[in-house]
Amino acid sequence: MPHLHLEYTANLTQLDTDKALLRLNHVLVASGQFGAEFDIKSRSLKVDSFRVGTAMTARGFVAVRLALLSGRSAQVKKQLSESLLAVVQELGPWPEGVQVQLSVELLDIDRDSYSKVAIG
Amino acid sequence: MPHLHLEYTANLTQLDTDKALLRLNHVLVASGQFGAEFDIKSRSLKVDSFRVGTAMTARGFVAVRLALLSGRSAQVKKQLSESLLAVVQELGPWPEGVQVQLSVELLDIDRDSYSKVAIG
Amino acid sequence: MPHLHLEYTANLTQLDTDKALLRLNHVLVASGQFGAEFDIKSRSLKVDSFRVGTAMTARGFVAVRLALLSGRSAQVKKQLSESLLAVVQELGPWPEGVQVQLSVELLDIDRDSYSKVAIG
């Protein structure tokens, strides 16, 4: 832990996911909440099939989920969320004429049943 | 929020995901649980590598997850789940000779650490 | 339920996901925690865009998430997690020169709002 997922709709063609993941990871390291930079595992996924709402307007989204071990305070989680959103906001420019929603959610993962091992 | 994920196995070749997502979003709007149709962000993902159980029978699944902000009652969540499942059931026909499982799960997302912004 | 997701980074080119999913499902059946082998729905997803930490070292991961209905004891969940991790550890060999992290997390899904139906 932590595990970060970044989903983005395929109409956000200018998004540089390599840069995005590296910046997000740097923010997580800088938060001081995680033991080693090595522990931060992030990935992005392009969403080709999507629908925002019911109107036929051009829309898209970037959705970040950070899964982290349970036990952190509400304040710490809120700060993490806001600092990740700040990174996402700087990932533009966004395409003209597309309504883009950016979001960050945090998900607690049960600490007692989390297992891991490192190889190599 | 809410965020909806629809996963379906690649052997369900007749599934119309565009139609599915639009219908699911309409049901969420009609529930009256969400402030604006604009807030509903849905996507589908085709699962090419999968295994149902351990028998070698032809099987597949459609799995819907609705992530929504914490705080709704058990009754409201149960109704949302059942109304989404009703939509999924109507998405057939399903392929002959394939055992298909349809499921809907709801996941509470911590309200205090959810961040978002809209652009454009 | 249960639903299992196995994510693996694209640099783990020798991973046999068919074998992996079947073995993981067999372990879940053998646990005695689930009513029918038919209920176990597993899939794998190759992650093409990822970043582990901030260093430029060659790194990768296999991340398993088991979502199961709420109500099981901490001890049962810990045992399930460890037995799944044991399967993942045996999936090697892993590529030379790549630091690989293997992890298993369990996620409780609200039992009352879980809906499903089987067809065929």
# chains A, B, ... in the order shown; residues from 1 in each chain; ligands from 1
$ select_by_dssp --residues "stretch 14-120 of chain A" --states "alpha helix (DSSP H)" --output "JSON, numbers by chain"
{"A": [17, 18, 19, 20, 21, 22, 23, 24, 25, 26, 27, 28, 29, 30, 74, 75, 76, 77, 78, 79, 80, 81, 82, 83, 84, 85, 86, 87, 88, 89]}
$ interface_residues --of "chain B" --to "chain A" --cutoff "10 Å" --atoms "only C-alpha atoms" --output "short mmCIF file (atom, residue, chain, number, x, y, z; two decimals) with all heavy atoms, in the first residue's frame"
data_model
loop_
_atom_site.label_atom_id
_atom_site.label_comp_id
_atom_site.auth_asym_id
_atom_site.auth_seq_id
_atom_site.Cartn_x
_atom_site.Cartn_y
_atom_site.Cartn_z
N MET B 1 -19.54 12.01 -7.64
CA MET B 1 -20.26 10.81 -7.29
C MET B 1 -21.69 10.90 -7.84
O MET B 1 -22.20 11.98 -7.98
CB MET B 1 -20.30 10.62 -5.77
CG MET B 1 -18.95 10.23 -5.21
SD MET B 1 -18.67 8.47 -5.55
CE MET B 1 -17.04 8.22 -4.85
N HIS B 3 -20.10 7.01 -8.91
CA HIS B 3 -19.32 6.37 -9.97
C HIS B 3 -19.86 4.96 -10.16
O HIS B 3 -19.98 4.21 -9.19
CB HIS B 3 -17.84 6.30 -9.60
CG HIS B 3 -17.11 7.59 -9.75
ND1 HIS B 3 -16.68 8.04 -10.97
CD2 HIS B 3 -16.73 8.52 -8.85
CE1 HIS B 3 -16.06 9.21 -10.81
NE2 HIS B 3 -16.08 9.53 -9.53
N LEU B 4 -20.12 4.60 -11.40
CA LEU B 4 -20.59 3.25 -11.70
C LEU B 4 -19.62 2.55 -12.64
O LEU B 4 -19.16 3.12 -13.63
CB LEU B 4 -21.99 3.31 -12.33
CG LEU B 4 -22.65 1.96 -12.62
CD1 LEU B 4 -24.17 2.06 -12.40
CD2 LEU B 4 -22.38 1.48 -14.03
N HIS B 5 -19.26 1.30 -12.27
CA HIS B 5 -18.45 0.44 -13.13
C HIS B 5 -19.28 -0.77 -13.56
O HIS B 5 -19.88 -1.42 -12.70
CB HIS B 5 -17.22 -0.08 -12.38
CG HIS B 5 -16.19 0.96 -12.11
ND1 HIS B 5 -16.32 1.87 -11.08
CD2 HIS B 5 -15.01 1.25 -12.72
CE1 HIS B 5 -15.26 2.68 -11.09
NE2 HIS B 5 -14.45 2.33 -12.06
N LEU B 6 -19.28 -1.04 -14.85
CA LEU B 6 -19.91 -2.26 -15.36
C LEU B 6 -18.83 -3.10 -16.02
O LEU B 6 -18.22 -2.69 -17.01
CB LEU B 6 -21.02 -1.90 -16.36
CG LEU B 6 -21.78 -3.10 -16.97
CD1 LEU B 6 -23.20 -2.67 -17.31
CD2 LEU B 6 -21.11 -3.63 -18.23
N THR B 17 -23.08 -1.96 -24.67
CA THR B 17 -22.66 -1.22 -23.46
C THR B 17 -23.13 0.23 -23.49
O THR B 17 -23.40 0.81 -22.44
CB THR B 17 -21.13 -1.29 -23.28
OG1 THR B 17 -20.50 -0.79 -24.45
CG2 THR B 17 -20.69 -2.72 -23.04
N ASP B 18 -23.20 0.82 -24.67
CA ASP B 18 -23.69 2.21 -24.72
C ASP B 18 -25.12 2.29 -24.20
O ASP B 18 -25.45 3.15 -23.39
CB ASP B 18 -23.65 2.71 -26.17
CG ASP B 18 -22.26 3.15 -26.59
OD1 ASP B 18 -21.41 3.38 -25.71
OD2 ASP B 18 -22.03 3.24 -27.81
N LYS B 19 -25.93 1.35 -24.67
CA LYS B 19 -27.31 1.33 -24.22
C LYS B 19 -27.38 1.02 -22.73
O LYS B 19 -28.17 1.62 -21.98
CB LYS B 19 -28.08 0.26 -25.02
CG LYS B 19 -29.56 0.25 -24.79
CD LYS B 19 -30.27 -0.73 -25.74
CE LYS B 19 -29.97 -2.18 -25.39
NZ LYS B 19 -30.73 -3.14 -26.22
N ALA B 20 -26.55 0.09 -22.29
CA ALA B 20 -26.55 -0.30 -20.88
C ALA B 20 -26.22 0.89 -19.97
O ALA B 20 -26.94 1.16 -19.00
CB ALA B 20 -25.53 -1.43 -20.65
N LEU B 21 -25.16 1.60 -20.30
CA LEU B 21 -24.76 2.71 -19.43
C LEU B 21 -25.82 3.81 -19.41
O LEU B 21 -26.10 4.39 -18.35
CB LEU B 21 -23.40 3.28 -19.88
CG LEU B 21 -22.21 2.34 -19.76
CD1 LEU B 21 -20.93 3.06 -20.20
CD2 LEU B 21 -22.05 1.80 -18.34
N LEU B 22 -26.40 4.09 -20.56
CA LEU B 22 -27.41 5.14 -20.59
C LEU B 22 -28.63 4.75 -19.75
O LEU B 22 -29.17 5.56 -18.99
CB LEU B 22 -27.81 5.44 -22.04
CG LEU B 22 -28.74 6.64 -22.24
CD1 LEU B 22 -28.16 7.91 -21.64
CD2 LEU B 22 -29.02 6.84 -23.74
N ARG B 23 -29.04 3.48 -19.86
CA ARG B 23 -30.19 3.04 -19.06
C ARG B 23 -29.89 3.05 -17.56
O ARG B 23 -30.73 3.43 -16.75
CB ARG B 23 -30.58 1.62 -19.49
CG ARG B 23 -31.28 1.58 -20.84
CD ARG B 23 -31.76 0.17 -21.11
NE ARG B 23 -32.40 0.06 -22.42
CZ ARG B 23 -32.93 -1.07 -22.88
NH1 ARG B 23 -32.89 -2.17 -22.14
NH2 ARG B 23 -33.48 -1.11 -24.07
N LEU B 24 -28.71 2.61 -17.21
CA LEU B 24 -28.32 2.62 -15.80
C LEU B 24 -28.31 4.06 -15.27
O LEU B 24 -28.81 4.34 -14.17
CB LEU B 24 -26.96 1.96 -15.62
CG LEU B 24 -26.93 0.44 -15.87
CD1 LEU B 24 -25.50 -0.05 -16.07
CD2 LEU B 24 -27.60 -0.32 -14.74
N ASN B 25 -27.77 4.96 -16.06
CA ASN B 25 -27.74 6.36 -15.61
C ASN B 25 -29.16 6.93 -15.47
O ASN B 25 -29.44 7.67 -14.52
CB ASN B 25 -26.93 7.21 -16.59
CG ASN B 25 -25.43 6.98 -16.45
OD1 ASN B 25 -25.00 6.05 -15.75
ND2 ASN B 25 -24.63 7.80 -17.11
N HIS B 26 -30.03 6.56 -16.37
CA HIS B 26 -31.41 7.04 -16.26
C HIS B 26 -32.07 6.54 -14.97
O HIS B 26 -32.81 7.28 -14.31
CB HIS B 26 -32.23 6.61 -17.48
CG HIS B 26 -32.16 7.59 -18.62
ND1 HIS B 26 -32.72 8.84 -18.56
CD2 HIS B 26 -31.57 7.50 -19.84
CE1 HIS B 26 -32.51 9.49 -19.69
NE2 HIS B 26 -31.81 8.70 -20.50
N VAL B 27 -31.79 5.30 -14.62
CA VAL B 27 -32.35 4.77 -13.37
C VAL B 27 -31.79 5.51 -12.15
O VAL B 27 -32.52 5.80 -11.19
CB VAL B 27 -32.07 3.25 -13.28
CG1 VAL B 27 -32.20 2.75 -11.84
CG2 VAL B 27 -33.04 2.50 -14.18
N LEU B 28 -30.52 5.84 -12.22
CA LEU B 28 -29.93 6.58 -11.09
C LEU B 28 -30.53 7.99 -10.98
O LEU B 28 -30.81 8.47 -9.89
CB LEU B 28 -28.41 6.63 -11.24
CG LEU B 28 -27.72 5.28 -11.08
CD1 LEU B 28 -26.22 5.39 -11.37
CD2 LEU B 28 -27.93 4.70 -9.68
N VAL B 29 -30.72 8.64 -12.11
CA VAL B 29 -31.37 9.95 -12.08
C VAL B 29 -32.78 9.83 -11.50
O VAL B 29 -33.18 10.60 -10.63
CB VAL B 29 -31.43 10.56 -13.51
CG1 VAL B 29 -32.34 11.80 -13.53
CG2 VAL B 29 -30.04 10.92 -14.00
N ALA B 36 -27.59 15.98 -9.45
CA ALA B 36 -27.67 16.40 -10.85
C ALA B 36 -27.31 15.22 -11.72
O ALA B 36 -26.45 14.40 -11.37
CB ALA B 36 -26.71 17.55 -11.11
N GLU B 37 -27.95 15.14 -12.89
CA GLU B 37 -27.63 14.04 -13.81
C GLU B 37 -26.15 14.09 -14.18
O GLU B 37 -25.51 13.07 -14.42
CB GLU B 37 -28.53 14.06 -15.05
CG GLU B 37 -28.56 15.34 -15.86
CD GLU B 37 -27.47 15.41 -16.92
OE1 GLU B 37 -27.00 14.37 -17.37
OE2 GLU B 37 -27.08 16.54 -17.27
N PHE B 38 -25.61 15.29 -14.23
CA PHE B 38 -24.21 15.53 -14.57
C PHE B 38 -23.24 14.79 -13.64
O PHE B 38 -22.11 14.45 -14.03
CB PHE B 38 -23.99 17.05 -14.47
CG PHE B 38 -22.60 17.52 -14.76
CD1 PHE B 38 -22.08 17.40 -16.05
CD2 PHE B 38 -21.82 18.10 -13.77
CE1 PHE B 38 -20.79 17.87 -16.34
CE2 PHE B 38 -20.53 18.57 -14.05
CZ PHE B 38 -20.03 18.45 -15.34
N ASP B 39 -23.66 14.53 -12.42
CA ASP B 39 -22.76 13.92 -11.43
C ASP B 39 -22.51 12.43 -11.65
O ASP B 39 -21.58 11.86 -11.07
CB ASP B 39 -23.34 14.10 -10.02
CG ASP B 39 -23.26 15.53 -9.53
OD1 ASP B 39 -22.39 16.29 -10.04
OD2 ASP B 39 -24.08 15.90 -8.68
N ILE B 40 -23.35 11.80 -12.44
CA ILE B 40 -23.29 10.34 -12.59
C ILE B 40 -22.26 9.96 -13.64
O ILE B 40 -22.40 10.31 -14.81
CB ILE B 40 -24.69 9.80 -12.97
CG1 ILE B 40 -25.69 10.15 -11.87
CG2 ILE B 40 -24.64 8.30 -13.23
CD1 ILE B 40 -27.14 9.98 -12.28
N LYS B 41 -21.24 9.28 -13.22
CA LYS B 41 -20.11 8.96 -14.10
C LYS B 41 -19.99 7.43 -14.20
O LYS B 41 -19.64 6.77 -13.25
CB LYS B 41 -18.82 9.58 -13.55
CG LYS B 41 -18.80 11.11 -13.65
CD LYS B 41 -17.66 11.75 -12.91
CE LYS B 41 -17.93 11.90 -11.43
NZ LYS B 41 -18.94 12.91 -11.06
N SER B 42 -20.28 6.91 -15.39
CA SER B 42 -20.35 5.46 -15.58
C SER B 42 -19.40 5.02 -16.69
O SER B 42 -19.14 5.78 -17.62
CB SER B 42 -21.79 5.06 -15.96
OG SER B 42 -22.68 5.38 -14.91
N ARG B 43 -18.89 3.81 -16.55
CA ARG B 43 -18.03 3.24 -17.60
C ARG B 43 -18.21 1.75 -17.63
O ARG B 43 -18.59 1.13 -16.62
CB ARG B 43 -16.55 3.59 -17.40
CG ARG B 43 -15.90 3.14 -16.14
CD ARG B 43 -16.36 3.92 -14.96
NE ARG B 43 -15.37 4.61 -14.20
CZ ARG B 43 -15.70 5.45 -13.21
NH1 ARG B 43 -16.97 5.66 -12.86
NH2 ARG B 43 -14.76 6.06 -12.53
N SER B 44 -17.88 1.16 -18.78
CA SER B 44 -17.90 -0.30 -18.88
C SER B 44 -16.51 -0.78 -19.24
O SER B 44 -15.71 -0.07 -19.84
CB SER B 44 -18.92 -0.76 -19.93
OG SER B 44 -18.44 -0.50 -21.23
N LEU B 45 -16.23 -2.01 -18.84
CA LEU B 45 -14.92 -2.62 -19.09
C LEU B 45 -15.15 -4.06 -19.51
O LEU B 45 -15.77 -4.84 -18.77
CB LEU B 45 -14.06 -2.57 -17.82
CG LEU B 45 -12.68 -3.20 -17.94
CD1 LEU B 45 -11.78 -2.38 -18.85
CD2 LEU B 45 -12.03 -3.34 -16.56
N LYS B 46 -14.64 -4.41 -20.69
CA LYS B 46 -14.71 -5.79 -21.14
C LYS B 46 -13.59 -6.59 -20.48
O LYS B 46 -12.43 -6.16 -20.51
CB LYS B 46 -14.59 -5.86 -22.66
CG LYS B 46 -14.75 -7.28 -23.19
CD LYS B 46 -14.94 -7.31 -24.70
CE LYS B 46 -13.62 -7.01 -25.39
NZ LYS B 46 -13.71 -7.28 -26.86
N ALA B 67 -20.37 3.08 -6.68
CA ALA B 67 -19.69 3.74 -5.55
C ALA B 67 -20.40 5.06 -5.30
O ALA B 67 -20.57 5.86 -6.22
CB ALA B 67 -18.22 3.99 -5.88
N LEU B 69 -21.42 8.28 -2.20
CA LEU B 69 -20.98 8.89 -0.95
C LEU B 69 -21.71 8.26 0.23
O LEU B 69 -22.92 7.98 0.17
CB LEU B 69 -21.20 10.39 -0.99
CG LEU B 69 -20.28 11.15 -1.97
CD1 LEU B 69 -20.55 12.65 -1.92
CD2 LEU B 69 -18.81 10.87 -1.70
N LEU B 107 -20.87 0.38 -2.95
CA LEU B 107 -19.68 0.64 -2.13
C LEU B 107 -19.76 2.07 -1.61
O LEU B 107 -19.81 3.03 -2.39
CB LEU B 107 -18.41 0.45 -2.99
CG LEU B 107 -17.09 0.61 -2.26
CD1 LEU B 107 -16.89 -0.45 -1.20
CD2 LEU B 107 -15.93 0.59 -3.25
N ASP B 108 -19.76 2.21 -0.29
CA ASP B 108 -19.74 3.53 0.32
C ASP B 108 -18.35 4.15 0.19
O ASP B 108 -17.34 3.50 0.48
CB ASP B 108 -20.08 3.43 1.82
CG ASP B 108 -21.57 3.51 2.09
OD1 ASP B 108 -22.34 3.75 1.15
OD2 ASP B 108 -21.95 3.34 3.26
N ILE B 109 -18.31 5.39 -0.24
CA ILE B 109 -17.05 6.14 -0.31
C ILE B 109 -17.11 7.24 0.75
O ILE B 109 -18.10 7.95 0.87
CB ILE B 109 -16.86 6.75 -1.72
CG1 ILE B 109 -16.75 5.63 -2.77
CG2 ILE B 109 -15.64 7.66 -1.77
CD1 ILE B 109 -15.58 4.70 -2.59
N ASP B 110 -16.03 7.35 1.48
CA ASP B 110 -15.94 8.32 2.56
C ASP B 110 -16.21 9.74 2.03
O ASP B 110 -15.51 10.25 1.15
CB ASP B 110 -14.54 8.25 3.18
CG ASP B 110 -14.35 9.27 4.28
OD1 ASP B 110 -15.28 9.47 5.09
OD2 ASP B 110 -13.27 9.88 4.33
N ARG B 111 -17.25 10.35 2.59
CA ARG B 111 -17.69 11.65 2.11
C ARG B 111 -16.68 12.76 2.40
O ARG B 111 -16.47 13.66 1.58
CB ARG B 111 -19.05 11.97 2.77
CG ARG B 111 -19.75 13.21 2.31
CD ARG B 111 -21.09 13.37 3.03
NE ARG B 111 -22.07 12.40 2.62
CZ ARG B 111 -22.95 12.60 1.61
NH1 ARG B 111 -22.95 13.74 0.96
NH2 ARG B 111 -23.81 11.65 1.29
N ASP B 112 -16.06 12.68 3.57
CA ASP B 112 -15.19 13.78 4.00
C ASP B 112 -13.92 13.90 3.17
O ASP B 112 -13.34 14.98 3.09
CB ASP B 112 -14.80 13.58 5.47
CG ASP B 112 -16.01 13.72 6.39
OD1 ASP B 112 -16.99 14.37 5.99
OD2 ASP B 112 -15.97 13.16 7.50
N SER B 113 -13.47 12.78 2.60
CA SER B 113 -12.22 12.86 1.85
C SER B 113 -12.45 12.75 0.34
O SER B 113 -11.53 12.45 -0.41
CB SER B 113 -11.25 11.76 2.31
OG SER B 113 -11.82 10.47 2.16
N TYR B 114 -13.68 13.00 -0.08
CA TYR B 114 -13.96 13.02 -1.52
C TYR B 114 -13.78 14.45 -2.03
O TYR B 114 -14.35 15.39 -1.46
CB TYR B 114 -15.38 12.53 -1.80
CG TYR B 114 -15.70 12.41 -3.28
CD1 TYR B 114 -15.10 11.43 -4.05
CD2 TYR B 114 -16.60 13.27 -3.90
CE1 TYR B 114 -15.40 11.31 -5.41
CE2 TYR B 114 -16.90 13.16 -5.25
CZ TYR B 114 -16.30 12.17 -5.99
OH TYR B 114 -16.58 12.04 -7.33
N SER B 115 -12.98 14.60 -3.06
CA SER B 115 -12.71 15.93 -3.63
C SER B 115 -13.07 15.93 -5.10
O SER B 115 -12.79 14.96 -5.80
CB SER B 115 -11.21 16.27 -3.51
OG SER B 115 -10.77 16.21 -2.19
N LYS B 116 -13.63 17.01 -5.56
CA LYS B 116 -13.89 17.08 -6.99
C LYS B 116 -13.94 18.52 -7.47
O LYS B 116 -14.11 19.46 -6.69
CB LYS B 116 -15.18 16.35 -7.35
CG LYS B 116 -16.44 17.06 -6.95
CD LYS B 116 -17.66 16.38 -7.57
CE LYS B 116 -18.92 17.10 -7.16
NZ LYS B 116 -20.12 16.52 -7.80
N VAL B 117 -13.79 18.66 -8.78
CA VAL B 117 -13.92 19.96 -9.42
C VAL B 117 -14.41 19.71 -10.85
O VAL B 117 -14.12 18.67 -11.44
CB VAL B 117 -12.56 20.70 -9.40
CG1 VAL B 117 -11.51 19.99 -10.23
CG2 VAL B 117 -12.69 22.15 -9.84
N ALA B 118 -15.17 20.66 -11.36
CA ALA B 118 -15.67 20.55 -12.74
C ALA B 118 -15.05 21.65 -13.58
O ALA B 118 -14.88 22.79 -13.12
CB ALA B 118 -17.19 20.65 -12.76
N ILE B 119 -14.70 21.30 -14.82
CA ILE B 119 -14.03 22.23 -15.73
C ILE B 119 -14.87 22.34 -17.00
O ILE B 119 -15.28 21.34 -17.57
CB ILE B 119 -12.61 21.71 -16.08
CG1 ILE B 119 -11.72 21.76 -14.85
CG2 ILE B 119 -12.02 22.51 -17.23
CD1 ILE B 119 -10.40 21.06 -15.05
N GLY B 120 -15.07 23.57 -17.44
CA GLY B 120 -15.72 23.78 -18.75
C GLY B 120 -17.23 23.69 -18.67
O GLY B 120 -17.80 23.41 -17.65
#
$ atom_distance --atom1 "atom CA of B:Leu66" --atom2 "atom CA of B:Pro2"
6.9 Å
$ select_by_dssp --residues "stretch 2-54 of chain A" --states "strand (DSSP E or B)" --output "ChimeraX atom specification"
/A:3-9,41-47,49-52
$ write_last_selection --atoms "all heavy atoms" --output "short mmCIF file (atom, residue, chain, number, x, y, z; two decimals), in the first residue's frame"
data_model
loop_
_atom_site.label_atom_id
_atom_site.label_comp_id
_atom_site.auth_asym_id
_atom_site.auth_seq_id
_atom_site.Cartn_x
_atom_site.Cartn_y
_atom_site.Cartn_z
N HIS A 3 -2.21 1.90 -2.96
CA HIS A 3 -2.47 1.63 -4.38
C HIS A 3 -3.29 2.80 -4.94
O HIS A 3 -4.32 3.17 -4.36
CB HIS A 3 -3.28 0.34 -4.55
CG HIS A 3 -2.47 -0.91 -4.40
ND1 HIS A 3 -1.68 -1.39 -5.40
CD2 HIS A 3 -2.33 -1.78 -3.37
CE1 HIS A 3 -1.09 -2.51 -5.01
NE2 HIS A 3 -1.45 -2.77 -3.77
N LEU A 4 -2.85 3.32 -6.07
CA LEU A 4 -3.58 4.42 -6.71
C LEU A 4 -4.02 4.00 -8.11
O LEU A 4 -3.25 3.43 -8.87
CB LEU A 4 -2.68 5.66 -6.78
CG LEU A 4 -3.32 6.93 -7.34
CD1 LEU A 4 -2.78 8.17 -6.63
CD2 LEU A 4 -3.13 7.06 -8.84
N HIS A 5 -5.31 4.27 -8.40
CA HIS A 5 -5.86 4.06 -9.74
C HIS A 5 -6.27 5.41 -10.32
O HIS A 5 -6.97 6.17 -9.64
CB HIS A 5 -7.10 3.16 -9.70
CG HIS A 5 -6.82 1.74 -9.36
ND1 HIS A 5 -6.57 1.30 -8.09
CD2 HIS A 5 -6.73 0.63 -10.16
CE1 HIS A 5 -6.35 -0.02 -8.10
NE2 HIS A 5 -6.45 -0.45 -9.33
N LEU A 6 -5.84 5.66 -11.53
CA LEU A 6 -6.29 6.86 -12.25
C LEU A 6 -7.02 6.39 -13.51
O LEU A 6 -6.43 5.76 -14.38
CB LEU A 6 -5.09 7.74 -12.62
CG LEU A 6 -5.41 9.04 -13.35
CD1 LEU A 6 -4.37 10.11 -13.03
CD2 LEU A 6 -5.49 8.86 -14.87
N GLU A 7 -8.31 6.66 -13.57
CA GLU A 7 -9.09 6.39 -14.77
C GLU A 7 -9.31 7.69 -15.51
O GLU A 7 -9.56 8.73 -14.89
CB GLU A 7 -10.48 5.85 -14.39
CG GLU A 7 -10.53 4.53 -13.70
CD GLU A 7 -11.96 4.21 -13.31
OE1 GLU A 7 -12.50 4.90 -12.43
OE2 GLU A 7 -12.54 3.27 -13.89
N TYR A 8 -9.27 7.63 -16.84
CA TYR A 8 -9.55 8.83 -17.62
C TYR A 8 -10.29 8.43 -18.89
O TYR A 8 -10.02 7.39 -19.49
CB TYR A 8 -8.27 9.61 -17.96
CG TYR A 8 -7.32 8.88 -18.86
CD1 TYR A 8 -7.22 9.18 -20.22
CD2 TYR A 8 -6.50 7.87 -18.36
CE1 TYR A 8 -6.35 8.49 -21.04
CE2 TYR A 8 -5.62 7.18 -19.18
CZ TYR A 8 -5.55 7.50 -20.51
OH TYR A 8 -4.69 6.81 -21.33
N THR A 9 -11.22 9.27 -19.28
CA THR A 9 -12.02 8.96 -20.47
C THR A 9 -11.18 9.21 -21.73
O THR A 9 -10.31 10.09 -21.77
CB THR A 9 -13.30 9.79 -20.49
OG1 THR A 9 -12.98 11.17 -20.33
CG2 THR A 9 -14.22 9.36 -19.35
N LYS A 41 2.14 2.21 -5.38
CA LYS A 41 1.90 1.48 -6.64
C LYS A 41 0.72 2.13 -7.37
O LYS A 41 -0.41 2.05 -6.92
CB LYS A 41 1.63 0.00 -6.33
CG LYS A 41 2.87 -0.74 -5.82
CD LYS A 41 2.59 -2.12 -5.28
CE LYS A 41 2.05 -2.13 -3.87
NZ LYS A 41 3.02 -1.72 -2.83
N SER A 42 1.02 2.75 -8.51
CA SER A 42 0.01 3.53 -9.23
C SER A 42 -0.12 3.03 -10.66
O SER A 42 0.83 2.55 -11.25
CB SER A 42 0.42 5.01 -9.25
OG SER A 42 0.48 5.51 -7.93
N ARG A 43 -1.33 3.16 -11.19
CA ARG A 43 -1.57 2.79 -12.59
C ARG A 43 -2.67 3.67 -13.15
O ARG A 43 -3.50 4.19 -12.41
CB ARG A 43 -1.95 1.30 -12.75
CG ARG A 43 -3.19 0.83 -12.09
CD ARG A 43 -3.06 0.73 -10.64
NE ARG A 43 -3.25 -0.55 -9.98
CZ ARG A 43 -2.94 -0.73 -8.69
NH1 ARG A 43 -2.47 0.26 -7.93
NH2 ARG A 43 -3.14 -1.91 -8.14
N SER A 44 -2.66 3.77 -14.49
CA SER A 44 -3.73 4.50 -15.14
C SER A 44 -4.47 3.58 -16.09
O SER A 44 -3.90 2.59 -16.58
CB SER A 44 -3.19 5.72 -15.89
OG SER A 44 -2.52 5.31 -17.06
N LEU A 45 -5.71 3.88 -16.32
CA LEU A 45 -6.56 3.08 -17.19
C LEU A 45 -7.40 4.01 -18.05
O LEU A 45 -8.14 4.85 -17.53
CB LEU A 45 -7.49 2.19 -16.35
CG LEU A 45 -8.44 1.30 -17.14
CD1 LEU A 45 -7.70 0.21 -17.90
CD2 LEU A 45 -9.47 0.66 -16.21
N LYS A 46 -7.26 3.85 -19.37
CA LYS A 46 -8.09 4.63 -20.28
C LYS A 46 -9.45 3.98 -20.41
O LYS A 46 -9.55 2.77 -20.61
CB LYS A 46 -7.42 4.71 -21.66
CG LYS A 46 -8.18 5.59 -22.62
CD LYS A 46 -7.39 5.93 -23.86
CE LYS A 46 -7.25 4.74 -24.78
NZ LYS A 46 -6.69 5.13 -26.10
N VAL A 47 -10.49 4.77 -20.26
CA VAL A 47 -11.86 4.30 -20.32
C VAL A 47 -12.44 4.62 -21.70
O VAL A 47 -12.65 5.78 -22.04
CB VAL A 47 -12.71 4.97 -19.22
CG1 VAL A 47 -14.18 4.60 -19.36
CG2 VAL A 47 -12.18 4.61 -17.84
N SER A 49 -15.32 3.19 -23.03
CA SER A 49 -16.78 3.14 -23.02
C SER A 49 -17.28 3.81 -21.74
O SER A 49 -17.02 3.30 -20.64
CB SER A 49 -17.22 1.67 -23.07
OG SER A 49 -18.58 1.54 -22.73
N PHE A 50 -17.95 4.93 -21.89
CA PHE A 50 -18.37 5.68 -20.70
C PHE A 50 -19.59 6.52 -21.01
O PHE A 50 -19.93 6.75 -22.17
CB PHE A 50 -17.22 6.57 -20.20
CG PHE A 50 -16.78 7.61 -21.18
CD1 PHE A 50 -17.30 8.89 -21.12
CD2 PHE A 50 -15.88 7.32 -22.19
CE1 PHE A 50 -16.93 9.86 -22.04
CE2 PHE A 50 -15.50 8.28 -23.12
CZ PHE A 50 -16.02 9.55 -23.04
N ARG A 51 -20.23 6.98 -19.98
CA ARG A 51 -21.40 7.85 -20.09
C ARG A 51 -21.46 8.72 -18.84
O ARG A 51 -21.51 8.20 -17.71
CB ARG A 51 -22.68 7.03 -20.20
CG ARG A 51 -23.96 7.81 -20.09
CD ARG A 51 -24.27 8.71 -21.25
NE ARG A 51 -24.38 7.95 -22.49
CZ ARG A 51 -24.50 8.52 -23.69
NH1 ARG A 51 -24.52 9.84 -23.80
NH2 ARG A 51 -24.58 7.77 -24.77
N VAL A 52 -21.45 10.02 -19.03
CA VAL A 52 -21.62 10.95 -17.90
C VAL A 52 -23.04 11.49 -17.96
O VAL A 52 -23.39 12.18 -18.92
CB VAL A 52 -20.59 12.09 -17.97
CG1 VAL A 52 -20.82 13.06 -16.81
CG2 VAL A 52 -19.17 11.54 -17.94
#
